[in-house]
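*Asks:* Contents of entry-v5.cif (mmCIF, C-alpha atoms):
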```cif
data_model
#
loop_
_atom_site.group_PDB
_atom_site.id
_atom_site.type_symbol
_atom_site.label_atom_id
_atom_site.label_comp_id
_atom_site.auth_asym_id
_atom_site.auth_seq_id
_atom_site.Cartn_x
_atom_site.Cartn_y
_atom_site.Cartn_z
ATOM 1 C CA MET Z 745 176.705 31.011 236.168
ATOM 2 C CA LYS Z 746 178.041 28.172 234.059
ATOM 3 C CA LEU Z 747 177.832 25.842 237.058
ATOM 4 C CA ILE Z 748 174.165 26.703 237.563
ATOM 5 C CA ARG Z 749 173.388 25.956 233.899
ATOM 6 C CA ASN Z 750 175.093 22.551 234.178
ATOM 7 C CA ILE Z 751 173.123 21.698 237.306
ATOM 8 C CA ILE Z 752 169.854 22.674 235.602
ATOM 9 C CA LEU Z 753 170.765 20.559 232.541
ATOM 10 C CA VAL Z 754 171.514 17.483 234.695
ATOM 11 C CA LEU Z 755 168.238 17.880 236.607
ATOM 12 C CA ALA Z 756 166.319 18.206 233.324
ATOM 13 C CA LEU Z 757 167.879 14.989 231.974
ATOM 14 C CA ILE Z 758 167.053 13.135 235.203
ATOM 15 C CA LEU Z 759 163.438 14.371 235.068
ATOM 16 C CA LEU Z 760 163.146 13.338 231.417
ATOM 17 C CA GLY Z 761 164.398 9.842 232.281
ATOM 18 C CA VAL Z 762 161.851 9.499 235.072
ATOM 19 C CA VAL Z 763 159.014 10.566 232.758
ATOM 20 C CA ILE Z 764 160.053 8.067 230.088
ATOM 21 C CA GLY Z 765 160.354 5.292 232.681
ATOM 22 C CA PHE Z 766 156.825 5.903 233.977
ATOM 23 C CA ALA Z 767 155.458 5.963 230.438
ATOM 24 C CA LEU Z 768 156.966 2.591 229.558
ATOM 25 C CA GLY Z 769 155.959 1.019 232.859
ATOM 26 C CA GLY Z 770 152.385 2.279 232.487
ATOM 27 C CA GLN Z 771 151.971 0.500 229.148
ATOM 28 C CA GLY Z 772 153.027 -2.809 230.639
ATOM 29 C CA ASP Z 773 150.734 -2.457 233.650
ATOM 30 C CA GLY Z 774 147.801 -1.455 231.471
ATOM 31 C CA GLY Z 775 148.133 -4.641 229.391
ATOM 32 C CA GLY Z 776 148.033 -6.753 232.552
ATOM 33 C CA ASP Z 777 144.752 -5.205 233.678
ATOM 34 C CA VAL Z 778 142.814 -6.779 230.754
ATOM 35 C CA GLU Z 779 141.624 -10.317 231.522
ATOM 36 C CA THR Z 780 141.691 -12.854 228.712
ATOM 37 C CA PRO Z 781 138.794 -15.308 229.106
ATOM 38 C CA SER Z 782 139.997 -18.865 229.384
ATOM 39 C CA SER Z 783 138.144 -21.944 228.225
ATOM 40 C CA ALA Z 784 137.852 -23.013 231.840
ATOM 41 C CA ALA Z 785 136.006 -19.795 232.722
ATOM 42 C CA THR Z 786 133.798 -19.504 229.673
ATOM 43 C CA GLY Z 787 133.165 -23.107 228.620
ATOM 44 C CA ALA Z 788 134.346 -24.900 225.494
ATOM 45 C CA THR Z 789 135.443 -22.661 222.658
ATOM 46 C CA SER Z 790 132.918 -22.603 219.850
ATOM 47 C CA THR Z 791 133.185 -21.829 216.168
ATOM 48 C CA ARG Z 792 130.415 -20.383 214.060
ATOM 49 C CA ALA Z 793 129.662 -21.402 210.514
ATOM 50 C CA VAL Z 794 126.986 -20.545 207.994
ATOM 51 C CA ALA Z 795 124.779 -23.495 207.116
ATOM 52 C CA PRO Z 796 124.767 -24.555 203.450
ATOM 53 C CA THR Z 797 122.611 -22.467 201.141
ATOM 54 C CA ALA Z 798 119.292 -24.151 200.440
ATOM 55 C CA THR Z 799 118.918 -25.858 197.080
ATOM 56 C CA ARG Z 800 115.823 -25.376 194.961
ATOM 57 C CA VAL Z 801 114.327 -22.971 197.459
ATOM 58 C CA SER Z 802 112.563 -19.717 196.711
ATOM 59 C CA GLY Z 803 111.038 -16.965 198.818
ATOM 60 C CA SER Z 804 110.892 -16.836 202.598
ATOM 61 C CA GLU Z 805 110.150 -20.565 202.771
ATOM 62 C CA GLY Z 806 113.850 -21.356 202.700
ATOM 63 C CA THR Z 807 115.014 -18.739 205.192
ATOM 64 C CA ARG Z 808 116.342 -21.146 207.819
ATOM 65 C CA ALA Z 809 118.059 -23.417 205.322
ATOM 66 C CA ALA Z 810 119.602 -20.512 203.426
ATOM 67 C CA THR Z 811 120.743 -18.283 206.284
ATOM 68 C CA ALA Z 812 120.897 -20.365 209.466
ATOM 69 C CA VAL Z 813 124.018 -19.661 211.496
ATOM 70 C CA ALA Z 814 125.015 -22.473 213.804
ATOM 71 C CA THR Z 815 127.355 -23.159 216.663
ATOM 72 C CA ALA Z 816 129.373 -26.352 216.213
ATOM 73 C CA THR Z 817 131.310 -27.610 219.227
ATOM 74 C CA GLU Z 818 134.844 -28.861 218.894
ATOM 75 C CA GLY Z 819 135.190 -32.592 218.367
ATOM 76 C CA SER Z 820 131.774 -32.917 216.711
ATOM 77 C CA GLY Z 821 133.265 -35.242 214.117
ATOM 78 C CA SER Z 822 131.693 -33.554 211.078
ATOM 79 C CA GLU Z 823 133.006 -31.353 208.293
ATOM 80 C CA SER Z 824 130.506 -28.503 208.399
ATOM 81 C CA GLY Z 825 128.360 -26.353 210.611
ATOM 82 C CA GLY Z 826 124.749 -26.718 211.577
ATOM 83 C CA GLU Z 827 122.270 -25.771 214.242
ATOM 84 C CA TRP Z 828 121.825 -27.589 217.530
ATOM 85 C CA GLY Z 829 118.413 -28.655 218.777
ATOM 86 C CA VAL Z 830 116.528 -31.394 220.613
ATOM 87 C CA VAL Z 831 114.395 -34.096 218.968
ATOM 88 C CA VAL Z 832 110.815 -33.669 220.210
ATOM 89 C CA ARG Z 833 108.850 -35.901 217.806
ATOM 90 C CA VAL Z 834 109.482 -38.770 215.383
ATOM 91 C CA ALA Z 835 106.956 -39.493 212.627
ATOM 92 C CA ASP Z 836 108.811 -42.424 211.102
ATOM 93 C CA GLY Z 837 112.309 -43.555 210.275
ATOM 94 C CA ASP Z 838 113.233 -40.638 208.019
ATOM 95 C CA THR Z 839 111.087 -37.815 209.434
ATOM 96 C CA LEU Z 840 111.474 -36.107 212.811
ATOM 97 C CA THR Z 841 110.855 -32.764 214.515
ATOM 98 C CA VAL Z 842 113.598 -30.755 216.189
ATOM 99 C CA ARG Z 843 113.187 -27.830 218.605
ATOM 100 C CA PHE Z 844 116.019 -25.328 218.329
ATOM 101 C CA GLY Z 845 117.403 -23.033 221.003
ATOM 102 C CA SER Z 846 115.125 -20.197 219.868
ATOM 103 C CA GLY Z 847 112.101 -22.357 220.668
ATOM 104 C CA GLU Z 848 111.239 -22.739 216.991
ATOM 105 C CA GLU Z 849 110.449 -26.246 215.750
ATOM 106 C CA GLU Z 850 111.203 -27.693 212.316
ATOM 107 C CA THR Z 851 110.091 -30.932 210.699
ATOM 108 C CA ILE Z 852 113.203 -32.594 209.277
ATOM 109 C CA ARG Z 853 113.230 -34.955 206.293
ATOM 110 C CA LEU Z 854 116.527 -36.848 206.281
ATOM 111 C CA LEU Z 855 118.518 -36.499 203.061
ATOM 112 C CA ASP Z 856 119.618 -39.470 200.920
ATOM 113 C CA VAL Z 857 117.432 -42.010 202.734
ATOM 114 C CA ASP Z 858 114.027 -43.569 202.227
ATOM 115 C CA THR Z 859 112.687 -45.716 205.052
ATOM 116 C CA PRO Z 860 109.645 -48.010 204.627
ATOM 117 C CA GLU Z 861 106.311 -46.260 205.205
ATOM 118 C CA THR Z 862 104.494 -46.460 208.517
ATOM 119 C CA VAL Z 863 102.233 -43.378 208.520
ATOM 120 C CA HIS Z 864 101.327 -42.881 204.861
ATOM 121 C CA PRO Z 865 97.626 -41.970 204.526
ATOM 122 C CA SER Z 866 96.980 -44.277 201.562
ATOM 123 C CA ARG Z 867 99.557 -47.048 201.999
ATOM 124 C CA PRO Z 868 99.749 -49.885 204.488
ATOM 125 C CA GLU Z 869 102.753 -50.210 206.758
ATOM 126 C CA GLU Z 870 105.663 -51.502 204.704
ATOM 127 C CA CYS Z 871 108.184 -54.203 205.496
ATOM 128 C CA PHE Z 872 110.646 -53.104 208.211
ATOM 129 C CA GLY Z 873 108.825 -49.797 208.624
ATOM 130 C CA ALA Z 874 108.219 -50.338 212.336
ATOM 131 C CA GLN Z 875 111.861 -51.254 212.959
ATOM 132 C CA ALA Z 876 113.087 -48.131 211.155
ATOM 133 C CA SER Z 877 110.640 -45.931 213.041
ATOM 134 C CA ASP Z 878 111.585 -47.408 216.406
ATOM 135 C CA TYR Z 879 115.258 -46.952 215.609
ATOM 136 C CA THR Z 880 114.878 -43.234 214.955
ATOM 137 C CA LYS Z 881 112.633 -42.882 218.019
ATOM 138 C CA GLY Z 882 115.788 -43.674 219.955
ATOM 139 C CA LEU Z 883 116.746 -40.035 219.243
ATOM 140 C CA MET Z 884 113.834 -38.680 221.289
ATOM 141 C CA ARG Z 885 114.979 -35.941 223.702
ATOM 142 C CA GLN Z 886 118.519 -36.226 222.395
ATOM 143 C CA ARG Z 887 120.543 -33.197 221.336
ATOM 144 C CA VAL Z 888 121.344 -33.272 217.616
ATOM 145 C CA ARG Z 889 122.943 -30.977 215.093
ATOM 146 C CA VAL Z 890 120.974 -30.230 211.939
ATOM 147 C CA GLU Z 891 122.860 -29.453 208.737
ATOM 148 C CA PRO Z 892 120.219 -28.120 206.281
ATOM 149 C CA MET Z 893 120.381 -28.309 202.492
ATOM 150 C CA GLY Z 894 116.949 -26.965 201.414
ATOM 151 C CA ARG Z 895 113.247 -27.771 201.650
ATOM 152 C CA ASP Z 896 110.975 -30.258 199.940
ATOM 153 C CA ARG Z 897 107.597 -29.520 198.379
ATOM 154 C CA TYR Z 898 105.900 -30.109 201.738
ATOM 155 C CA GLY Z 899 107.965 -27.400 203.410
ATOM 156 C CA ARG Z 900 110.038 -29.843 205.434
ATOM 157 C CA LEU Z 901 113.699 -29.038 206.032
ATOM 158 C CA LEU Z 902 115.919 -31.395 204.031
ATOM 159 C CA ALA Z 903 118.919 -32.042 206.219
ATOM 160 C CA TYR Z 904 121.675 -34.213 207.574
ATOM 161 C CA VAL Z 905 121.389 -34.932 211.293
ATOM 162 C CA TRP Z 906 124.454 -35.470 213.466
ATOM 163 C CA VAL Z 907 124.390 -37.211 216.846
ATOM 164 C CA GLU Z 908 127.155 -37.224 219.449
ATOM 165 C CA ASP Z 909 128.158 -40.690 220.632
ATOM 166 C CA GLY Z 910 131.138 -39.981 222.893
ATOM 167 C CA GLU Z 911 133.704 -40.574 220.159
ATOM 168 C CA GLY Z 912 132.605 -37.823 217.795
ATOM 169 C CA GLY Z 913 129.693 -37.105 215.525
ATOM 170 C CA VAL Z 914 127.566 -39.847 213.959
ATOM 171 C CA LEU Z 915 125.656 -39.023 210.790
ATOM 172 C CA TRP Z 916 122.208 -40.478 211.453
ATOM 173 C CA ASN Z 917 121.311 -40.606 207.747
ATOM 174 C CA VAL Z 918 124.245 -42.958 207.154
ATOM 175 C CA ARG Z 919 123.578 -44.902 210.367
ATOM 176 C CA LEU Z 920 120.082 -45.836 209.092
ATOM 177 C CA LEU Z 921 121.561 -47.087 205.821
ATOM 178 C CA GLU Z 922 124.296 -49.047 207.600
ATOM 179 C CA ALA Z 923 121.690 -50.811 209.738
ATOM 180 C CA GLY Z 924 119.671 -51.780 206.662
ATOM 181 C CA LEU Z 925 116.681 -49.723 207.812
ATOM 182 C CA ALA Z 926 116.546 -47.492 204.730
ATOM 183 C CA VAL Z 927 117.416 -47.514 201.052
ATOM 184 C CA TYR Z 928 119.451 -44.821 199.352
ATOM 185 C CA ASN Z 929 117.320 -42.315 197.458
ATOM 186 C CA ASP Z 930 118.345 -38.750 196.655
ATOM 187 C CA TYR Z 931 115.289 -38.041 194.455
ATOM 188 C CA GLY Z 932 117.594 -36.579 191.814
ATOM 189 C CA ASN Z 933 119.124 -34.069 194.242
ATOM 190 C CA PRO Z 934 122.152 -35.666 195.976
ATOM 191 C CA GLY Z 935 123.356 -33.941 199.138
ATOM 192 C CA ARG Z 936 126.814 -33.154 200.501
ATOM 193 C CA TYR Z 937 127.402 -36.673 201.840
ATOM 194 C CA ALA Z 938 125.664 -38.609 199.053
ATOM 195 C CA ASP Z 939 128.739 -40.719 198.248
ATOM 196 C CA ARG Z 940 129.049 -41.765 201.890
ATOM 197 C CA SER Z 941 125.348 -42.620 201.987
ATOM 198 C CA ARG Z 942 125.491 -44.698 198.800
ATOM 199 C CA ALA Z 943 128.495 -46.646 200.053
ATOM 200 C CA ALA Z 944 126.710 -47.430 203.351
ATOM 201 C CA ALA Z 945 123.590 -48.611 201.514
ATOM 202 C CA GLU Z 946 125.586 -50.843 199.198
ATOM 203 C CA GLU Z 947 127.487 -52.396 202.100
ATOM 204 C CA ALA Z 948 124.249 -53.138 203.968
ATOM 205 C CA MET Z 949 122.742 -54.714 200.865
ATOM 206 C CA LEU Z 950 125.775 -56.914 200.249
ATOM 207 C CA SER Z 951 125.803 -57.930 203.929
ATOM 208 C CA GLY Z 952 122.083 -58.751 203.875
ATOM 209 C CA VAL Z 953 121.184 -56.816 207.036
ATOM 210 C CA GLY Z 954 117.887 -55.251 208.035
ATOM 211 C CA LEU Z 955 115.287 -54.975 205.280
ATOM 212 C CA TRP Z 956 117.716 -56.609 202.861
ATOM 213 C CA SER Z 957 117.231 -59.873 204.771
ATOM 214 C CA ALA Z 958 113.438 -59.990 204.752
ATOM 215 C CA CYS Z 959 111.625 -57.548 202.439
ATOM 216 C CA GLU Z 960 110.320 -58.173 198.940
ATOM 217 C CA ILE Z 961 110.559 -55.662 196.146
ATOM 218 C CA GLY Z 962 107.806 -53.068 196.120
ATOM 219 C CA GLU Z 963 107.103 -49.549 195.014
ATOM 220 C CA ARG Z 964 108.933 -48.256 198.095
ATOM 221 C CA PRO Z 965 111.560 -49.351 198.862
ATOM 222 C CA THR Z 966 112.329 -49.986 195.172
ATOM 223 C CA VAL Z 967 115.053 -52.517 195.809
ATOM 224 C CA VAL Z 968 115.314 -56.293 195.910
ATOM 225 C CA ALA Z 969 116.005 -57.413 199.459
ATOM 226 C CA THR Z 970 117.245 -60.949 198.915
ATOM 227 C CA GLN Z 971 120.558 -61.555 197.176
ATOM 228 C CA VAL Z 972 121.035 -64.119 194.423
ATOM 229 C CA ASP Z 973 123.946 -64.754 192.091
ATOM 230 C CA GLY Z 974 124.027 -62.137 189.385
ATOM 231 C CA ALA Z 975 121.596 -59.844 191.181
ATOM 232 C CA GLY Z 976 123.997 -56.946 190.725
ATOM 233 C CA CYS Z 977 123.208 -53.665 192.433
ATOM 234 C CA PRO Z 978 119.470 -52.893 192.477
ATOM 235 C CA GLN Z 979 120.252 -49.432 193.819
ATOM 236 C CA GLY Z 980 123.132 -48.948 191.454
ATOM 237 C CA CYS Z 981 126.833 -49.274 192.238
ATOM 238 C CA VAL Z 982 129.193 -46.375 192.785
ATOM 239 C CA SER Z 983 132.049 -48.381 191.264
ATOM 240 C CA GLN Z 984 131.668 -51.072 188.622
ATOM 241 C CA PRO Z 985 131.156 -54.309 190.620
ATOM 242 C CA ASP Z 986 131.477 -56.767 187.758
ATOM 243 C CA PRO Z 987 132.254 -56.622 183.994
ATOM 244 C CA SER Z 988 128.740 -57.911 183.324
ATOM 245 C CA CYS Z 989 127.277 -54.847 185.080
ATOM 246 C CA SER Z 990 128.201 -52.478 182.302
ATOM 247 C CA ILE Z 991 125.183 -50.189 181.987
ATOM 248 C CA LYS Z 992 126.212 -46.603 182.644
ATOM 249 C CA GLY Z 993 123.736 -44.441 184.555
ATOM 250 C CA ASN Z 994 124.760 -40.880 183.760
ATOM 251 C CA VAL Z 995 123.463 -37.776 185.560
ATOM 252 C CA ASN Z 996 123.622 -34.552 183.563
ATOM 253 C CA THR Z 997 123.560 -31.902 186.283
ATOM 254 C CA SER Z 998 123.288 -28.981 183.864
ATOM 255 C CA ARG Z 999 120.183 -30.422 182.180
ATOM 256 C CA ASP Z 1000 118.870 -32.249 185.252
ATOM 257 C CA THR Z 1001 118.515 -35.542 183.371
ATOM 258 C CA LYS Z 1002 119.312 -39.165 184.306
ATOM 259 C CA ILE Z 1003 120.036 -41.379 181.270
ATOM 260 C CA TYR Z 1004 121.382 -44.920 181.093
ATOM 261 C CA HIS Z 1005 123.610 -46.133 178.271
ATOM 262 C CA VAL Z 1006 123.884 -49.778 177.180
ATOM 263 C CA GLU Z 1007 127.160 -50.917 175.635
ATOM 264 C CA GLY Z 1008 126.743 -51.689 171.923
ATOM 265 C CA GLU Z 1009 123.413 -49.844 171.728
ATOM 266 C CA SER Z 1010 124.017 -46.272 172.836
ATOM 267 C CA SER Z 1011 126.110 -44.194 170.427
ATOM 268 C CA SER Z 1012 127.267 -42.110 173.405
ATOM 269 C CA TYR Z 1013 128.406 -45.076 175.510
ATOM 270 C CA GLY Z 1014 132.129 -44.615 174.841
ATOM 271 C CA GLN Z 1015 131.945 -40.866 175.456
ATOM 272 C CA VAL Z 1016 130.284 -41.131 178.876
ATOM 273 C CA ARG Z 1017 132.786 -40.682 181.693
ATOM 274 C CA MET Z 1018 131.454 -41.939 185.011
ATOM 275 C CA LYS Z 1019 131.630 -39.290 187.736
ATOM 276 C CA GLU Z 1020 130.730 -40.723 191.127
ATOM 277 C CA GLY Z 1021 130.541 -37.301 192.768
ATOM 278 C CA GLU Z 1022 127.742 -36.249 190.403
ATOM 279 C CA GLY Z 1023 125.512 -39.247 191.058
ATOM 280 C CA ASP Z 1024 126.576 -41.544 188.198
ATOM 281 C CA LEU Z 1025 125.865 -45.237 188.892
ATOM 282 C CA TRP Z 1026 126.540 -48.619 187.279
ATOM 283 C CA PHE Z 1027 123.686 -51.068 186.663
ATOM 284 C CA CYS Z 1028 123.394 -54.690 185.596
ATOM 285 C CA THR Z 1029 119.948 -54.494 184.006
ATOM 286 C CA ARG Z 1030 117.718 -51.898 182.377
ATOM 287 C CA ALA Z 1031 115.103 -52.577 185.046
ATOM 288 C CA GLU Z 1032 117.568 -51.580 187.770
ATOM 289 C CA ALA Z 1033 118.418 -48.361 185.951
ATOM 290 C CA GLU Z 1034 114.774 -47.459 185.358
ATOM 291 C CA ALA Z 1035 113.821 -48.288 188.958
ATOM 292 C CA ASN Z 1036 116.362 -45.660 190.021
ATOM 293 C CA GLY Z 1037 114.924 -42.968 187.770
ATOM 294 C CA PHE Z 1038 117.216 -43.329 184.722
ATOM 295 C CA ARG Z 1039 115.752 -43.475 181.209
ATOM 296 C CA ALA Z 1040 117.053 -44.713 177.871
ATOM 297 C CA PRO Z 1041 118.486 -42.093 175.497
ATOM 298 C CA ARG Z 1042 116.096 -40.688 172.935
ATOM 299 C CA GLN Z 1043 116.821 -41.854 169.395
#
```
The structure in this file should be written as structure tokens.

*Replies:*
Amino acid sequence: MKLIRNIILVLALILLGVVIGFALGGQGDGGGDVETPSSAATGATSTRAVAPTATRVSGSEGTRAATAVATATEGSGSESGGEWGVVVRVADGDTLTVRFGSGEEETIRLLDVDTPETVHPSRPEECFGAQASDYTKGLMRQRVRVEPMGRDRYGRLLAYVWVEDGEGGVLWNVRLLEAGLAVYNDYGNPGRYADRSRAAAEEAMLSGVGLWSACEIGERPTVVATQVDGAGCPQGCVSQPDPSCSIKGNVNTSRDTKIYHVEGESSSYGQVRMKEGEGDLWFCTRAEAEANGFRAPRQ
């Protein structure tokens, strides 16, 4: 009887071992049955990012700028997301129309730039307007990535536009400024890449390229094209270019004011700390400061 019990016990242990072995083997086989998509099978991996919230936008008018979710491919060369589309129309150097994947079209007004007028209903074509317009028309039928920041009073999407050039993303807003086909103008509402835009505009001015080589001062662009000794920075300088250019253009973001301070005249001059990231600029003359929207302090 004892022998029979021992035999039964051994058989039970063997059976238990077999059951455990199948259980462990089944888990491993099950994991191998699930395919993991590879980049070769599914295309380039994409990341999704929410476009920047629209500034100064109310109601449904700012829906795209406030809530647009975009797909940005790897190696795009930019810091943020955006929405891909194709350029279908170009009005002038700083205004174009993009058709997105949904089929919806948006008129885009490029941030930080102001190109000479070519299609204004009450103004003649301005100096270098045709060149700026033709330059942006080079984007026709090209795929671009739109990084929105809000809307203007005409309902146009205020945005940065990125273009692929084989080596990464090119910010078209900055490209226009580098080529001297636009002046820097943020209309009191600098965008994410305003510092980069200002630096490009200043470099073009100092190099005398594009409109800086041929155009006279006018209402728009509001800058002096030709360079003479002591001309300073008609658009304002991000860093102080010369001790003689000592007028501080200070932007108060909380009060939405732009005030310039002259050394020896403004009681606040010594207290003003220049903050480049907030739009502060140096000027050589009062006229330069006022042409850029800064006013003298109230007495």

*Asks:* Could you tell me how far CA of Asn994 (chain Z) sits from CA of Leu902 (chain Z), in Å to one decimal place?

*Replies:* 24.1 Å

*Asks:* When you look at region 848-862 of chain Z with a cut-off of 7 Å (counting all atoms listed in the file), what residues show up, excluding the ones that are within fewer than 3 positions of it in the same chain? I need them as JSON, numbers by chain.

*Replies:* {"Z": [836, 837, 838, 839, 840, 841, 842, 843, 844, 869, 870, 871, 872, 873, 874, 876, 900, 901, 902, 903, 904, 917, 925, 926, 927, 928, 929, 930, 934, 935, 938, 941, 964, 965]}

*Asks:* Around the point (133.9, -41.0, 182.8) (coordinates from the file), which residues reach within 12 Å if we count only C-alpha atoms? Answer as a ChimeraX atom specification.

*Replies:* /Z:983-984,992-995,1012-1026

*Asks:* Provide the CA of Gly829 (chain Z) to CA of Gly845 (chain Z) distance in Å, to one decimal place.

*Replies:*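 CA of Gly829 (chain Z) sits 6.1 Å away from CA of Gly845 (chain Z).
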
*Asks:* Have a look at CA of Gln886 (chain Z) and CA of Glu922 (chain Z) and let me know their distance in Å, one decimal.

*Replies:* 20.4 Å

*Asks:* So what does the PyMOL selection byres ((chain Z and resi 990) around 7) actually pick up in this one, as a PyMOL selection string?

*Replies:* chain Z and resi 987-989+991-992+1007+1026-1028

*Asks:* Residues near Gly882 (chain Z), anyone? I mean within 10 Å using all atoms listed in the file, not counting same-chain ones fewer than 4 positions away, as an mmCIF file with C-alpha atoms, keeping the file's coordinate frame.

*Replies:*
```cif
data_model
loop_
_atom_site.group_PDB
_atom_site.id
_atom_site.type_symbol
_atom_site.label_atom_id
_atom_site.label_comp_id
_atom_site.auth_asym_id
_atom_site.auth_seq_id
_atom_site.Cartn_x
_atom_site.Cartn_y
_atom_site.Cartn_z
ATOM 1 C CA VAL Z 831 114.395 -34.096 218.968
ATOM 2 C CA VAL Z 834 109.482 -38.770 215.383
ATOM 3 C CA SER Z 877 110.640 -45.931 213.041
ATOM 4 C CA ASP Z 878 111.585 -47.408 216.406
ATOM 5 C CA GLN Z 886 118.519 -36.226 222.395
#
```

*Asks:* Which of these residues is nearest to Pro892 (chain Z), using only C-alpha atoms: Z:Gly847, Z:Gly1008, Z:Gly825, Z:Pro865?

*Replies:*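 When distances to Pro892 (chain Z) are compared using only C-alpha atoms, the smallest one comes from Z:Gly825.
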
*Asks:* Find, counting all atoms listed in the file, the residue in Z:Ile752, Z:Ser1011, Z:Gly826, Z:Leu921 that gets nearest to Glu946 (chain Z).

*Replies:* Z:Leu921

*Asks:* Please write the residues picked by the PyMOL selection byres ((chain Z and resi 953-957) around 8) on this file as a list in words.

*Replies:*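 Given this file, the PyMOL selection byres ((chain Z and resi 953-957) around 8) evaluates to Cys871, Phe872, Ala923, Gly924, Leu925, Ala926, Ala948, Met949, Ser951, Gly952, Ala958, Cys959, Val968, Ala969 and Thr970 of chain Z.
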
*Asks:* With distances taken over all atoms listed in the file, which residue among Z:Val832, Z:Arg1042, Z:Thr997, Z:Ala945 lies nearest Ser1010 (chain Z)?

*Replies:*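 The closest residue to Ser1010 (chain Z) is Z:Arg1042.
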
*Asks:* Care to translate the PyMOL selection byres ((chain Z and resi 827) around 6) into actual residues of this file, as a list in words?

*Replies:*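 Matching residues under the PyMOL selection byres ((chain Z and resi 827) around 6) are Ala814, Gly826, Trp828, Arg889 and Val890 of chain Z.
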
*Asks:* Anything within 7 Å of (115.4, -43.3, 181.3): list those residues as a list in words, counting only C-alpha atoms and sticking to the file's coordinates.

*Replies:*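 The requested residues, written out, are Lys1002, Ile1003, Tyr1004, Glu1034, Gly1037, Phe1038, Arg1039, Ala1040 and Pro1041 of chain Z.
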
*Asks:* Which is closest to Ala1035 (chain Z) among Z:Thr880, Z:Asn933, Z:Gln979, Z:Thr1001, if we use all atoms listed in the file?

*Replies:*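 Distance minimum relative to Ala1035 (chain Z) lands on Z:Gln979.
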
*Asks:* Write region 932-936 of chain Z as a short mmCIF file (atom, residue, chain, number, x, y, z; two decimals), in the coordinates of the input, completed to all heavy atoms.

*Replies:*
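Output file result-v6.cif follows:
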```cif
data_model
loop_
_atom_site.label_atom_id
_atom_site.label_comp_id
_atom_site.auth_asym_id
_atom_site.auth_seq_id
_atom_site.Cartn_x
_atom_site.Cartn_y
_atom_site.Cartn_z
N GLY Z 932 117.00 -37.42 192.84
CA GLY Z 932 117.59 -36.58 191.81
C GLY Z 932 118.32 -35.36 192.33
O GLY Z 932 118.77 -34.52 191.55
N ASN Z 933 118.48 -35.25 193.66
CA ASN Z 933 119.12 -34.07 194.24
C ASN Z 933 120.08 -34.52 195.35
O ASN Z 933 119.82 -34.32 196.53
CB ASN Z 933 118.07 -33.12 194.81
CG ASN Z 933 118.67 -31.82 195.29
OD1 ASN Z 933 119.71 -31.38 194.82
ND2 ASN Z 933 118.01 -31.20 196.26
N PRO Z 934 121.23 -35.14 194.96
CA PRO Z 934 122.15 -35.67 195.98
C PRO Z 934 122.71 -34.57 196.88
O PRO Z 934 122.99 -33.46 196.44
CB PRO Z 934 123.26 -36.32 195.13
CG PRO Z 934 123.18 -35.65 193.80
CD PRO Z 934 121.73 -35.33 193.59
N GLY Z 935 122.85 -34.90 198.17
CA GLY Z 935 123.36 -33.94 199.14
C GLY Z 935 124.87 -34.01 199.28
O GLY Z 935 125.56 -34.73 198.57
N ARG Z 936 125.38 -33.28 200.28
CA ARG Z 936 126.81 -33.15 200.50
C ARG Z 936 127.49 -34.50 200.77
O ARG Z 936 128.64 -34.72 200.38
CB ARG Z 936 127.03 -32.22 201.70
CG ARG Z 936 128.48 -31.98 202.05
CD ARG Z 936 128.60 -31.24 203.38
NE ARG Z 936 127.92 -29.96 203.34
CZ ARG Z 936 128.49 -28.83 202.93
NH1 ARG Z 936 129.74 -28.84 202.51
NH2 ARG Z 936 127.81 -27.70 202.95
#
```
